[in-house]
$ cat work_38.txt   # compact mmCIF, C-alpha atoms and all ligand atoms
# COMPACT_ATOMS: atom_id res chain seq x y z
CA MET A 27 28.75 23.49 -18.56
CA THR A 28 25.35 22.05 -17.70
CA VAL A 29 24.32 19.02 -19.70
CA ARG A 30 20.70 18.90 -20.74
CA VAL A 31 18.68 15.93 -19.48
CA ARG A 32 17.39 14.42 -22.72
CA LYS A 33 16.81 10.82 -21.79
CA ALA A 34 14.14 9.43 -19.50
CA VAL A 35 14.07 5.81 -18.36
CA PHE A 36 10.73 4.18 -17.50
CA PRO A 37 11.29 0.91 -15.63
CA VAL A 38 8.07 -1.01 -16.32
CA ALA A 39 9.25 -4.61 -15.98
CA GLY A 40 7.86 -5.22 -12.48
CA LEU A 41 5.27 -7.91 -11.87
CA GLY A 42 2.60 -5.55 -10.54
CA THR A 43 1.41 -8.06 -7.97
CA ARG A 44 -0.76 -5.56 -6.09
CA PHE A 45 -3.03 -5.32 -9.12
CA LEU A 46 -3.48 -9.04 -9.70
CA PRO A 47 -5.51 -10.57 -11.26
CA ALA A 48 -5.77 -7.64 -13.75
CA THR A 49 -1.98 -7.59 -14.20
CA LYS A 50 -1.99 -11.22 -15.34
CA VAL A 51 -2.68 -9.75 -18.78
CA VAL A 52 -2.73 -5.93 -18.49
CA ALA A 53 0.51 -4.15 -17.70
CA LYS A 54 0.03 -1.98 -14.62
CA GLU A 55 1.26 1.04 -16.59
CA MET A 56 -1.57 0.57 -19.08
CA LEU A 57 -4.31 0.88 -16.46
CA PRO A 58 -6.20 4.09 -17.25
CA ILE A 59 -6.91 7.02 -15.00
CA VAL A 60 -10.15 8.15 -16.64
CA ASP A 61 -9.15 7.97 -20.32
CA ARG A 62 -5.35 7.85 -20.39
CA PRO A 63 -3.03 5.06 -19.26
CA LEU A 64 -0.62 5.75 -16.42
CA ILE A 65 2.30 5.58 -18.84
CA GLN A 66 0.87 8.53 -20.80
CA TYR A 67 0.89 10.80 -17.74
CA ALA A 68 4.51 9.79 -17.08
CA VAL A 69 5.60 10.34 -20.67
CA ASP A 70 3.91 13.75 -20.83
CA GLU A 71 5.78 14.79 -17.68
CA ALA A 72 9.12 13.72 -19.20
CA ILE A 73 8.46 15.56 -22.46
CA GLU A 74 7.42 18.70 -20.60
CA ALA A 75 10.72 18.47 -18.69
CA GLY A 76 12.59 18.57 -22.02
CA CYS A 77 13.30 14.87 -22.63
CA ASP A 78 13.22 13.71 -26.24
CA THR A 79 14.40 10.11 -25.82
CA LEU A 80 12.13 7.81 -23.84
CA ILE A 81 13.60 4.46 -22.83
CA PHE A 82 11.20 1.80 -21.60
CA VAL A 83 12.59 -1.15 -19.68
CA THR A 84 10.04 -3.86 -20.30
CA ASN A 85 9.75 -7.63 -20.15
CA ARG A 86 8.40 -10.26 -22.49
CA TYR A 87 4.85 -9.91 -21.14
CA LYS A 88 4.61 -6.19 -21.69
CA HIS A 89 4.08 -5.90 -25.43
CA ALA A 90 1.16 -3.58 -24.74
CA VAL A 91 3.53 -0.77 -23.70
CA ALA A 92 5.40 -0.94 -27.03
CA ASP A 93 2.14 -1.39 -28.95
CA TYR A 94 0.75 1.74 -27.34
CA PHE A 95 3.54 3.87 -28.79
CA ASP A 96 3.47 2.13 -32.17
CA LYS A 97 1.46 3.27 -35.19
CA ALA A 98 -2.04 1.75 -35.26
CA TYR A 99 -2.60 1.62 -39.04
CA GLU A 100 -5.99 -0.04 -39.15
CA LEU A 101 -7.46 2.05 -36.36
CA GLU A 102 -6.13 5.28 -37.86
CA HIS A 103 -7.49 4.33 -41.26
CA LYS A 104 -10.95 3.64 -39.83
CA LEU A 105 -11.03 6.86 -37.80
CA GLU A 106 -9.91 8.83 -40.83
CA ALA A 107 -12.55 7.25 -43.06
CA ALA A 108 -15.20 8.02 -40.43
CA GLY A 109 -14.04 11.65 -40.22
CA LYS A 110 -13.27 11.32 -36.50
CA THR A 111 -10.44 13.80 -36.61
CA GLU A 112 -10.29 14.54 -32.91
CA LEU A 113 -9.89 10.87 -32.00
CA LEU A 114 -7.44 10.42 -34.87
CA GLU A 115 -5.25 13.18 -33.44
CA LEU A 116 -5.37 11.53 -30.01
CA VAL A 117 -4.29 8.16 -31.39
CA ARG A 118 -1.60 9.60 -33.67
CA HIS A 119 0.06 11.90 -31.18
CA VAL A 120 0.63 9.93 -28.00
CA VAL A 121 4.14 11.40 -28.30
CA PRO A 122 5.23 14.35 -30.51
CA ALA A 123 7.13 13.60 -33.73
CA ASN A 124 10.48 14.80 -32.37
CA VAL A 125 10.42 12.30 -29.48
CA ARG A 126 12.02 8.85 -29.84
CA THR A 127 10.87 5.75 -28.00
CA ILE A 128 13.33 2.94 -27.33
CA PHE A 129 12.58 -0.43 -25.73
CA VAL A 130 15.01 -2.43 -23.67
CA THR A 131 14.30 -5.79 -22.09
CA GLN A 132 14.92 -6.73 -18.48
CA PRO A 133 15.14 -10.52 -18.83
CA GLU A 134 14.26 -11.18 -15.19
CA ALA A 135 12.61 -8.97 -12.57
CA LEU A 136 15.79 -8.59 -10.50
CA GLY A 137 14.80 -5.26 -9.00
CA LEU A 138 14.44 -1.58 -9.87
CA GLY A 139 18.21 -0.99 -9.71
CA HIS A 140 18.77 -3.82 -12.17
CA ALA A 141 16.04 -2.44 -14.47
CA VAL A 142 17.80 0.95 -14.56
CA LEU A 143 21.11 -0.78 -15.27
CA CYS A 144 19.50 -2.48 -18.29
CA ALA A 145 19.10 1.00 -19.86
CA ARG A 146 22.83 1.73 -19.64
CA PRO A 147 23.73 0.95 -23.28
CA VAL A 148 21.11 3.45 -24.46
CA VAL A 149 21.71 6.17 -21.87
CA GLY A 150 25.51 6.17 -22.21
CA ASP A 151 27.49 8.79 -20.35
CA GLU A 152 25.01 11.59 -19.70
CA PRO A 153 22.70 12.56 -16.84
CA PHE A 154 19.25 11.04 -17.23
CA ALA A 155 15.85 10.87 -15.61
CA VAL A 156 14.08 7.86 -14.12
CA ILE A 157 10.29 7.91 -13.86
CA LEU A 158 8.18 5.30 -12.08
CA PRO A 159 4.83 5.64 -13.81
CA ASP A 160 2.79 4.28 -10.92
CA ASP A 161 3.66 7.42 -8.97
CA LEU A 162 1.45 9.91 -10.77
CA LEU A 163 2.74 13.39 -9.93
CA TRP A 164 0.50 16.30 -10.74
CA ASN A 165 1.16 20.00 -10.49
CA LYS A 166 -1.95 21.89 -11.41
CA GLN A 167 -0.20 25.21 -10.93
CA GLY A 168 2.64 24.81 -13.42
CA ARG A 169 5.80 22.90 -14.28
CA GLY A 170 5.72 19.15 -13.65
CA ALA A 171 7.82 17.52 -10.94
CA LEU A 172 10.50 16.20 -13.27
CA GLY A 173 10.81 19.61 -14.95
CA GLN A 174 11.32 21.23 -11.55
CA MET A 175 14.04 18.69 -10.75
CA VAL A 176 15.77 19.12 -14.10
CA ASP A 177 15.84 22.89 -13.48
CA HIS A 178 17.27 22.31 -10.02
CA VAL A 179 20.03 20.07 -11.37
CA ALA A 180 20.79 22.62 -14.12
CA SER A 181 21.35 25.34 -11.52
CA HIS A 182 22.87 23.31 -8.65
CA GLY A 183 24.53 20.31 -10.31
CA GLY A 184 24.65 16.81 -8.82
CA SER A 185 21.78 14.35 -8.92
CA ALA A 186 18.27 14.84 -7.55
CA ILE A 187 15.71 12.54 -6.00
CA ALA A 188 12.08 13.52 -5.56
CA VAL A 189 10.85 13.49 -1.99
CA GLU A 190 7.52 14.11 -0.35
CA ASN A 191 6.57 14.76 3.26
CA VAL A 192 4.64 11.80 4.64
CA SER A 193 2.93 11.47 7.99
CA ALA A 194 5.18 10.04 10.71
CA ASP A 195 3.23 6.75 10.88
CA LYS A 196 3.96 6.08 7.17
CA THR A 197 7.78 6.15 7.27
CA GLY A 198 7.86 2.33 7.38
CA SER A 199 6.59 2.21 3.78
CA TYR A 200 9.29 4.38 2.19
CA GLY A 201 12.95 5.16 1.83
CA ILE A 202 13.43 8.12 4.18
CA VAL A 203 16.19 10.68 3.63
CA ASP A 204 18.41 12.43 6.10
CA VAL A 205 19.09 15.84 4.53
CA GLU A 206 21.48 18.65 5.44
CA HIS A 207 20.72 22.36 4.87
CA PHE A 208 17.18 21.60 3.75
CA ASP A 209 15.58 24.89 2.70
CA ASP A 210 12.09 23.39 2.54
CA ARG A 211 12.56 22.65 -1.15
CA ALA A 212 15.94 20.95 -1.53
CA GLY A 213 19.02 19.87 0.38
CA LYS A 214 21.95 17.47 0.20
CA ILE A 215 21.16 13.90 1.22
CA ARG A 216 23.37 12.48 3.98
CA SER A 217 21.80 9.05 4.00
CA ILE A 218 18.73 7.10 2.99
CA VAL A 219 17.17 4.71 5.48
CA GLU A 220 14.92 2.02 4.02
CA LYS A 221 11.49 1.75 5.64
CA PRO A 222 12.39 2.96 9.15
CA LYS A 223 9.99 2.74 12.08
CA PRO A 224 8.64 6.21 12.94
CA GLU A 225 10.85 6.44 16.05
CA GLU A 226 13.96 5.61 14.00
CA ALA A 227 13.22 7.77 10.94
CA PRO A 228 15.67 10.67 10.42
CA SER A 229 12.88 12.78 8.88
CA THR A 230 9.49 12.41 7.23
CA LEU A 231 10.85 13.09 3.73
CA ALA A 232 10.06 10.00 1.66
CA VAL A 233 11.66 9.06 -1.66
CA VAL A 234 9.12 8.88 -4.50
CA GLY A 235 9.37 7.82 -8.14
CA ARG A 236 11.35 10.57 -9.89
CA TYR A 237 15.12 10.77 -10.16
CA VAL A 238 17.65 12.80 -12.15
CA LEU A 239 20.86 10.81 -11.98
CA ASP A 240 24.47 11.25 -12.96
CA ALA A 241 25.64 8.46 -15.31
CA ALA A 242 28.07 7.38 -12.56
CA ILE A 243 25.04 5.58 -11.05
CA PHE A 244 25.62 2.75 -13.55
CA ASP A 245 29.02 1.82 -12.11
CA CYS A 246 27.47 2.07 -8.66
CA LEU A 247 24.61 -0.26 -9.62
CA ASP A 248 27.07 -2.63 -11.26
CA LYS A 249 28.84 -2.99 -7.91
CA THR A 250 25.59 -3.31 -5.95
CA ARG A 251 24.74 -6.81 -4.77
CA PRO A 252 21.14 -7.95 -4.26
CA GLY A 253 19.65 -6.46 -1.11
CA ALA A 254 16.13 -6.58 0.34
CA GLY A 255 14.00 -9.29 -1.32
CA GLY A 256 16.99 -10.59 -3.33
CA GLU A 257 16.61 -7.61 -5.69
CA ILE A 258 19.18 -5.04 -6.82
CA GLN A 259 17.80 -1.91 -5.21
CA LEU A 260 18.13 1.50 -6.85
CA THR A 261 18.38 2.98 -3.35
CA ASP A 262 21.53 0.93 -2.64
CA GLY A 263 23.10 2.20 -5.87
CA ILE A 264 22.21 5.77 -4.93
CA ALA A 265 23.73 5.30 -1.47
CA ARG A 266 26.98 4.36 -3.23
CA LEU A 267 26.68 7.35 -5.60
CA MET A 268 26.40 9.65 -2.57
CA GLY A 269 29.95 8.61 -1.65
CA GLU A 270 31.21 10.00 -4.97
CA SER A 271 29.07 13.03 -5.77
CA VAL A 272 26.28 15.22 -4.44
CA VAL A 273 22.78 13.78 -4.43
CA ASN A 274 20.07 16.27 -3.48
CA ALA A 275 16.58 15.62 -2.22
CA TYR A 276 14.03 17.75 -4.04
CA ARG A 277 10.57 18.33 -2.56
CA PHE A 278 8.55 18.98 -5.70
CA ALA A 279 5.60 21.35 -5.88
CA GLY A 280 2.42 19.43 -6.64
CA ARG A 281 0.91 16.24 -5.38
CA ARG A 282 1.37 12.52 -5.77
CA PHE A 283 -1.07 9.70 -6.32
CA ASP A 284 0.38 6.30 -5.50
CA CYS A 285 -1.31 4.46 -8.35
CA GLY A 286 0.59 1.27 -7.48
CA SER A 287 -1.84 0.96 -4.55
CA HIS A 288 -5.61 0.48 -4.78
CA LEU A 289 -6.43 3.57 -2.74
CA GLY A 290 -4.05 5.84 -4.64
CA PHE A 291 -5.46 4.57 -7.92
CA VAL A 292 -9.03 5.31 -6.83
CA GLU A 293 -7.98 8.71 -5.50
CA ALA A 294 -6.36 9.64 -8.82
CA THR A 295 -9.42 8.47 -10.73
CA VAL A 296 -11.74 10.57 -8.57
CA ARG A 297 -9.50 13.61 -8.82
CA PHE A 298 -8.96 13.44 -12.58
CA ALA A 299 -12.66 12.80 -13.20
CA LEU A 300 -13.43 15.98 -11.26
CA GLU A 301 -10.75 17.88 -13.21
CA ASN A 302 -12.23 16.78 -16.53
CA GLU A 303 -14.54 19.50 -17.86
CA LYS A 304 -16.84 17.11 -19.69
CA LEU A 305 -17.15 14.72 -16.77
CA ARG A 306 -17.00 17.00 -13.74
CA ASP A 307 -20.68 17.55 -12.98
CA SER A 308 -21.91 14.05 -13.70
CA ALA A 309 -18.91 12.49 -11.91
CA ALA A 310 -19.60 14.64 -8.84
CA ALA A 311 -23.26 13.58 -8.95
CA VAL A 312 -22.48 9.84 -9.07
CA MET A 313 -19.92 10.23 -6.28
CA GLN A 314 -22.44 12.09 -4.16
CA ALA A 315 -25.11 9.45 -4.83
CA ALA A 316 -22.67 6.68 -3.86
CA LEU A 317 -21.81 8.47 -0.62
CA ASP A 318 -25.47 9.05 0.16
CA ASP A 319 -26.17 5.35 -0.38
CA LEU A 320 -23.26 4.44 1.85
CA ARG A 321 -24.47 6.73 4.62
CA ALA A 322 -28.00 5.41 4.32
CA GLY A 323 -26.62 1.87 4.57
CA ALA A 324 -28.09 1.01 1.18
CA ARG A 325 -26.76 -1.81 -0.95
P1 LIG A 401 7.27 -1.95 -7.54
O1 LIG A 401 8.04 -2.11 -6.31
O2 LIG A 401 6.07 -1.09 -7.51
O3 LIG A 401 6.89 -3.38 -8.05
O4 LIG A 401 8.28 -1.46 -8.66
P2 LIG A 401 5.84 -3.77 -9.14
O5 LIG A 401 6.21 -5.10 -9.66
O6 LIG A 401 5.68 -2.71 -10.19
O7 LIG A 401 4.44 -3.80 -8.36
P3 LIG A 401 3.96 -4.66 -7.09
O8 LIG A 401 4.59 -4.03 -5.88
O9 LIG A 401 4.36 -6.09 -7.29
O10 LIG A 401 2.47 -4.48 -7.12
C1 LIG A 401 8.61 -0.09 -8.82
C2 LIG A 401 8.92 0.18 -10.28
O11 LIG A 401 10.05 -0.58 -10.68
C3 LIG A 401 9.77 -1.39 -11.80
C4 LIG A 401 8.26 -1.56 -11.77
O12 LIG A 401 7.75 -1.86 -13.06
C5 LIG A 401 7.78 -0.23 -11.21
O13 LIG A 401 7.71 0.76 -12.24
N1 LIG A 401 10.53 -2.63 -11.69
C6 LIG A 401 10.59 -3.29 -10.51
C7 LIG A 401 11.19 -3.14 -12.81
O14 LIG A 401 11.14 -2.54 -13.91
N2 LIG A 401 11.91 -4.29 -12.68
C8 LIG A 401 11.98 -4.96 -11.51
O15 LIG A 401 12.67 -6.00 -11.46
C9 LIG A 401 11.32 -4.44 -10.39
$ encode --input "work_38.txt" --output "structure tokens"
Amino acid sequence: MTVRVRKAVFPVAGLGTRFLPATKVVAKEMLPIVDRPLIQYAVDEAIEAGCDTLIFVTNRYKHAVADYFDKAYELEHKLEAAGKTELLELVRHVVPANVRTIFVTQPEALGLGHAVLCARPVVGDEPFAVILPDDLLWNKQGRGALGQMVDHVASHGGSAIAVENVSADKTGSYGIVDVEHFDDRAGKIRSIVEKPKPEEAPSTLAVVGRYVLDAAIFDCLDKTRPGAGGEIQLTDGIARLMGESVVNAYRFAGRRFDCGSHLGFVEATVRFALENEKLRDSAAAVMQAALDDLRAGAR
């Protein structure tokens, strides 16, 4: 029997150092791409994949994430009184009524693996998803990346990790998988090598921020000692899980914006501005003007 993936874990307790000084006070996940915070894109993807329980692993500085999903009485009242029904709907329905949000604290930023382990009491003994909101995955053509992975797990079993082909000179920035019987979409992972030099990389398939994991990962993470940077790495836990059950790499259809990096964030902003019907023409015009200025050497 296939178990439905109902729970999605969002580890958002990292320090977000690449976006300092903004992240001194604004959680990275609350930075907007055009008009919606990164966390909203991630949550929408999880809901589309069929998840109805969203578990956020936060820390004591990240009240904004919980506030975002909470009811905003005063604001709603004012929008209602002003007859701004469209905005009211936006504010009221950041998640549909049937979806639960649960907040768990990671007391110390001891790594992504540790953050996932903090969700254990809420996830229990069922397969679950992990979404890193700073990887914004976008499939214009259809089902989101997590939905594709959930479908793959439903038909093939095991766990699944999202991968993306990167250029050979970028392997040193990612976990790179060695996969057997890869059919250009999915295949069983033999091993994951952390940040290999191009000449040592087993492939160019890089691990990105979506996972569908068997609950056995929790015991694996429990046994995992701190690795690189003194943190408990999710990758180390997954390497252990691979010794017990099948973990597949899944090359999702769609594209990724690495919004944890400045360039990826700008790229996503440009792309989503151009996708936005109301903004498209004027956004294209200001981009063109900026490029013209740049070419002309203007200040
Ligand atoms: P990153 O490696 O991107 O770290 O974490 P970060 O703190 O978010 O950002 P930088 O690199 O310092 O700029 C990957 C994901 O794991 C979460 C982060 O919130 C992010 O979603 N994470 C990381 C935790 O929840 N807890 C941790 O201890 C570490």
$ residues_around --input "work_38.txt" --residues "A:Asp160" --least-positions-apart "2" --cutoff "7 Å" --atoms "only C-alpha atoms" --output "short mmCIF file (atom, residue, chain, number, x, y, z; two decimals) with C-alpha atoms, keeping the file's coordinate frame"
data_model
loop_
_atom_site.label_atom_id
_atom_site.label_comp_id
_atom_site.auth_asym_id
_atom_site.auth_seq_id
_atom_site.Cartn_x
_atom_site.Cartn_y
_atom_site.Cartn_z
CA GLU A 55 1.26 1.04 -16.59
CA LEU A 64 -0.62 5.75 -16.42
CA LEU A 158 8.18 5.30 -12.08
CA LEU A 162 1.45 9.91 -10.77
CA ASP A 284 0.38 6.30 -5.50
CA CYS A 285 -1.31 4.46 -8.35
CA GLY A 286 0.59 1.27 -7.48
#
$ closest_residue --input "work_38.txt" --among "A:Ile73, A:Ile157, A:Ile59, A:Ile264" --to "A:Ala123" --atoms "only C-alpha atoms"
A:Ile73
$ residues_near_ligand --input "work_38.txt" --ligand "ligand LIG 401 (chain A)" --cutoff "8 Å" --atoms "only C-alpha atoms and all ligand atoms" --output "PyMOL selection string"
chain A and resi 36-46+54-55+83-84+132+134-142+157-160+235+257+286-287
$ closest_residue --input "work_38.txt" --among "A:Ala53, A:Glu71, A:Pro222, A:Glu112" --to "A:Ala92" --atoms "all atoms listed in the file"
A:Ala53
$ closest_residue --input "work_38.txt" --among "A:Ile81, A:Leu57, A:Met268, A:Val52" --to "A:Phe291" --atoms "only C-alpha atoms"
A:Leu57
$ atom_distance --input "work_38.txt" --atom1 "atom CA of A:Ala72" --atom2 "atom CA of A:His103"
29.2 Å
$ residues_around --input "work_38.txt" --residues "A:Ser271" --least-positions-apart "2" --cutoff "12 Å" --atoms "all atoms listed in the file" --output "list in words"
Gly183, Gly184, Ser185, Ala186, Lys214, Ile215, Arg216, Leu239, Asp240, Ala241, Ala242, Ile243, Cys246, Ile264, Ala265, Arg266, Leu267, Met268, Gly269, Val273 and Asn274 of chain A
$ closest_residue --input "work_38.txt" --among "A:Val233, A:Val272, A:Ala180, A:Leu317" --to "A:Gly213" --atoms "only C-alpha atoms"
A:Val272
$ residues_around --input "work_38.txt" --residues "A:Thr79" --least-positions-apart "4" --cutoff "10 Å" --atoms "all atoms listed in the file" --output "number ranges by chain"
A: 31-35, 72-73, 124-128, 148-149, 154
$ closest_residue --input "work_38.txt" --among "A:Arg62, A:Val29, A:Ala68, A:Ala171" --to "A:Thr295" --atoms "all atoms listed in the file"
A:Arg62
$ residues_near_point --input "work_38.txt" --point "(-0.3, 11.3, -8.0)" --cutoff "7 Å" --atoms "all atoms listed in the file" --output "PyMOL selection string"
chain A and resi 161-164+281-285+294
$ atom_distance --input "work_38.txt" --atom1 "atom CA of A:Asp318" --atom2 "atom CA of A:Asn302"
22.7 Å
$ closest_residue --input "work_38.txt" --among "A:Gln174, A:Thr131, A:Thr49, A:Thr197" --to "A:Ala75" --atoms "all atoms listed in the file"
A:Gln174
$ residues_around --input "work_38.txt" --residues "A:Leu143" --least-positions-apart "6" --cutoff "8 Å" --atoms "only C-alpha atoms" --output "PyMOL selection string"
chain A and resi 244+247-248
$ atom_distance --input "work_38.txt" --atom1 "atom CA of A:Ala188" --atom2 "atom CA of A:Val234"
5.6 Å
$ decode --input "work_38.txt" --residues "stretch 48-70 of chain A" --atoms "N, CA and C atoms" --output "short mmCIF file (atom, residue, chain, number, x, y, z; two decimals), in the first residue's frame"
data_model
loop_
_atom_site.label_atom_id
_atom_site.label_comp_id
_atom_site.auth_asym_id
_atom_site.auth_seq_id
_atom_site.Cartn_x
_atom_site.Cartn_y
_atom_site.Cartn_z
N ALA A 48 20.31 42.46 5.72
CA ALA A 48 18.84 42.38 5.75
C ALA A 48 18.36 41.32 6.74
N THR A 49 19.07 40.17 6.77
CA THR A 49 18.61 39.05 7.60
C THR A 49 18.92 39.24 9.10
N LYS A 50 19.48 40.41 9.45
CA LYS A 50 19.56 40.74 10.89
C LYS A 50 18.14 40.78 11.46
N VAL A 51 17.20 41.30 10.66
CA VAL A 51 15.83 41.45 11.16
C VAL A 51 14.77 40.77 10.29
N VAL A 52 15.07 40.53 9.02
CA VAL A 52 14.06 39.91 8.13
C VAL A 52 14.49 38.48 7.86
N ALA A 53 13.62 37.54 8.15
CA ALA A 53 13.95 36.15 7.84
C ALA A 53 14.12 36.02 6.33
N LYS A 54 15.13 35.26 5.93
CA LYS A 54 15.39 35.10 4.49
C LYS A 54 14.14 34.64 3.75
N GLU A 55 13.38 33.77 4.37
CA GLU A 55 12.19 33.18 3.74
C GLU A 55 11.08 34.20 3.53
N MET A 56 11.20 35.36 4.21
CA MET A 56 10.19 36.40 4.05
C MET A 56 10.57 37.43 3.00
N LEU A 57 11.74 37.29 2.40
CA LEU A 57 12.12 38.21 1.32
C LEU A 57 11.21 37.96 0.13
N PRO A 58 10.64 39.02 -0.46
CA PRO A 58 9.68 38.78 -1.54
C PRO A 58 10.30 38.68 -2.92
N ILE A 59 9.75 37.81 -3.72
CA ILE A 59 10.00 37.80 -5.16
C ILE A 59 8.76 38.47 -5.77
N VAL A 60 8.94 39.69 -6.21
CA VAL A 60 7.86 40.58 -6.63
C VAL A 60 6.93 40.86 -5.45
N ASP A 61 5.82 40.12 -5.30
CA ASP A 61 4.89 40.48 -4.24
C ASP A 61 4.67 39.38 -3.21
N ARG A 62 5.32 38.24 -3.38
CA ARG A 62 5.07 37.14 -2.44
C ARG A 62 6.38 36.68 -1.82
N PRO A 63 6.36 36.41 -0.49
CA PRO A 63 7.61 35.95 0.13
C PRO A 63 7.99 34.55 -0.36
N LEU A 64 9.28 34.27 -0.29
CA LEU A 64 9.77 32.96 -0.72
C LEU A 64 8.98 31.82 -0.09
N ILE A 65 8.62 31.98 1.18
CA ILE A 65 7.94 30.89 1.88
C ILE A 65 6.59 30.57 1.23
N GLN A 66 5.95 31.61 0.63
CA GLN A 66 4.65 31.38 0.00
C GLN A 66 4.79 30.48 -1.24
N TYR A 67 5.84 30.70 -2.02
CA TYR A 67 6.06 29.85 -3.20
C TYR A 67 6.26 28.40 -2.76
N ALA A 68 7.02 28.23 -1.66
CA ALA A 68 7.32 26.88 -1.16
C ALA A 68 6.06 26.19 -0.65
N VAL A 69 5.27 26.94 0.09
CA VAL A 69 4.04 26.39 0.67
C VAL A 69 3.04 26.02 -0.45
N ASP A 70 2.93 26.87 -1.44
CA ASP A 70 2.03 26.58 -2.57
C ASP A 70 2.44 25.28 -3.26
#
